[in-house]
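Q: The structure that follows is given in the form of structure tokens.
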Amino acid sequence: MAKCCSFSCFAPFLIVGLMACDFIQRMYHFQEILADGVETDALVVRKYRSAASLGNRHRLVYEYRDASGKTYRKDDGVFPSEYDRLQEGDAFRVVYSAKRPHISTTKAAVDQSRAAQAGEAEKQRE
């Protein structure tokens, strides 16, 4: 029986671990936005579809300003309906973290999450 001590034996575990860390970080950031998010206008700089087999394939690059006027640029996955509706140069709403303004997501994602949370809370009351 051959020993497996090369990187190729550990690569799958490393990849899964990195994916899990990325997912956890994204969820933490999203919770931060839900807790203390600031709504603002953003401008679509670019839209494209990625060929990735995992993750969101409908992507927007957008810019927004925080309350101090500093500009941020984000490349983010969006809902297909939002991707189809928006064109380069269009304005739309985003929500960024008041604590760390470089963390943002679309207002549509925040609204959908809040609606799901409200639905869950309603089910628990019944």
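Ordering of the structure tokens sets the chain letters (A, B, ...); residue numbers start at 1 within each chain; ligands are numbered from 1 in the order shown.
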Could you give me, as a list in words, the residues within 10 Å of Val38 of chain A, counting only C-alpha atoms and dropping anything in the same chain fewer than 6 positions from it?
A: Asp66, Ala67, Val94, Val95, Tyr96, Ser97, Ala98, Lys99, Pro101, Ser104 and Lys107 of chain A
Q: Write the residues of the preceding selection, restricted to N, CA and C atoms, as a PDB file, in the first residue's frame.
A:
ATOM      1  N   ASP A  66     -19.689  55.860   1.192  1.00  0.00           N
ATOM      2  CA  ASP A  66     -20.165  55.798   2.566  1.00  0.00           C
ATOM      3  C   ASP A  66     -20.554  57.203   3.034  1.00  0.00           C
ATOM      4  N   ALA A  67     -20.952  57.325   4.286  1.00  0.00           N
ATOM      5  CA  ALA A  67     -21.423  58.608   4.827  1.00  0.00           C
ATOM      6  C   ALA A  67     -20.351  59.688   4.791  1.00  0.00           C
ATOM      7  N   VAL A  94     -27.882  49.663  -2.214  1.00  0.00           N
ATOM      8  CA  VAL A  94     -27.070  48.686  -1.499  1.00  0.00           C
ATOM      9  C   VAL A  94     -27.107  49.040  -0.015  1.00  0.00           C
ATOM     10  N   VAL A  95     -26.659  48.097   0.801  1.00  0.00           N
ATOM     11  CA  VAL A  95     -26.556  48.309   2.239  1.00  0.00           C
ATOM     12  C   VAL A  95     -25.134  47.937   2.628  1.00  0.00           C
ATOM     13  N   TYR A  96     -24.453  48.844   3.346  1.00  0.00           N
ATOM     14  CA  TYR A  96     -23.087  48.565   3.795  1.00  0.00           C
ATOM     15  C   TYR A  96     -23.025  48.591   5.310  1.00  0.00           C
ATOM     16  N   SER A  97     -21.988  47.975   5.855  1.00  0.00           N
ATOM     17  CA  SER A  97     -21.804  47.929   7.303  1.00  0.00           C
ATOM     18  C   SER A  97     -21.350  49.289   7.811  1.00  0.00           C
ATOM     19  N   ALA A  98     -22.023  49.788   8.825  1.00  0.00           N
ATOM     20  CA  ALA A  98     -21.618  51.064   9.429  1.00  0.00           C
ATOM     21  C   ALA A  98     -20.244  50.941  10.085  1.00  0.00           C
ATOM     22  N   LYS A  99     -19.920  49.753  10.602  1.00  0.00           N
ATOM     23  CA  LYS A  99     -18.625  49.538  11.252  1.00  0.00           C
ATOM     24  C   LYS A  99     -17.491  49.409  10.252  1.00  0.00           C
ATOM     25  N   PRO A 101     -17.377  49.927   6.271  1.00  0.00           N
ATOM     26  CA  PRO A 101     -18.126  50.285   5.064  1.00  0.00           C
ATOM     27  C   PRO A 101     -17.721  49.532   3.790  1.00  0.00           C
ATOM     28  N   SER A 104     -20.489  45.198   1.924  1.00  0.00           N
ATOM     29  CA  SER A 104     -21.801  45.610   1.428  1.00  0.00           C
ATOM     30  C   SER A 104     -22.482  44.454   0.706  1.00  0.00           C
ATOM     31  N   LYS A 107     -29.524  45.732  -1.562  1.00  0.00           N
ATOM     32  CA  LYS A 107     -30.696  45.896  -0.705  1.00  0.00           C
ATOM     33  C   LYS A 107     -31.676  44.764  -0.962  1.00  0.00           C
TER      34      LYS A 107
END
Q: One number please: atom CA of Lys74 of chain A to atom CA of Gln117 of chain A, in Å, one decimal.
A: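 Between atom CA of Lys74 of chain A and atom CA of Gln117 of chain A the gap works out to 25.7 Å.
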Q: What does the distance from atom CA of Phe79 of chain A to atom CA of Ala109 of chain A come to in Å, to one decimal?
A: 8.0 Å
Q: So which residues touch Gly77 of chain A within 7 Å, counting only C-alpha atoms, skipping near sequence neighbours fewer than 5 positions away, as a ChimeraX atom specification?
A: /A:56-60
Q: So which residues touch Val45 of chain A within 7 Å, counting only C-alpha atoms, skipping near sequence neighbours fewer than 6 positions away, as a PyMOL selection string?
A: chain A and resi 61-63+88-89
Q: Tell me, in Å to one decimal, how far atom CA of Arg93 of chain A is from atom CA of Tyr72 of chain A.
A: 13.9 Å
Q: So, counting only C-alpha atoms, which residue among A:Asp90, A:Glu32, A:Glu82, A:Asp75 is closest to Val44 of chain A?
A: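 Looking at the shortest contact to Val44 of chain A, the residue is A:Asp90.
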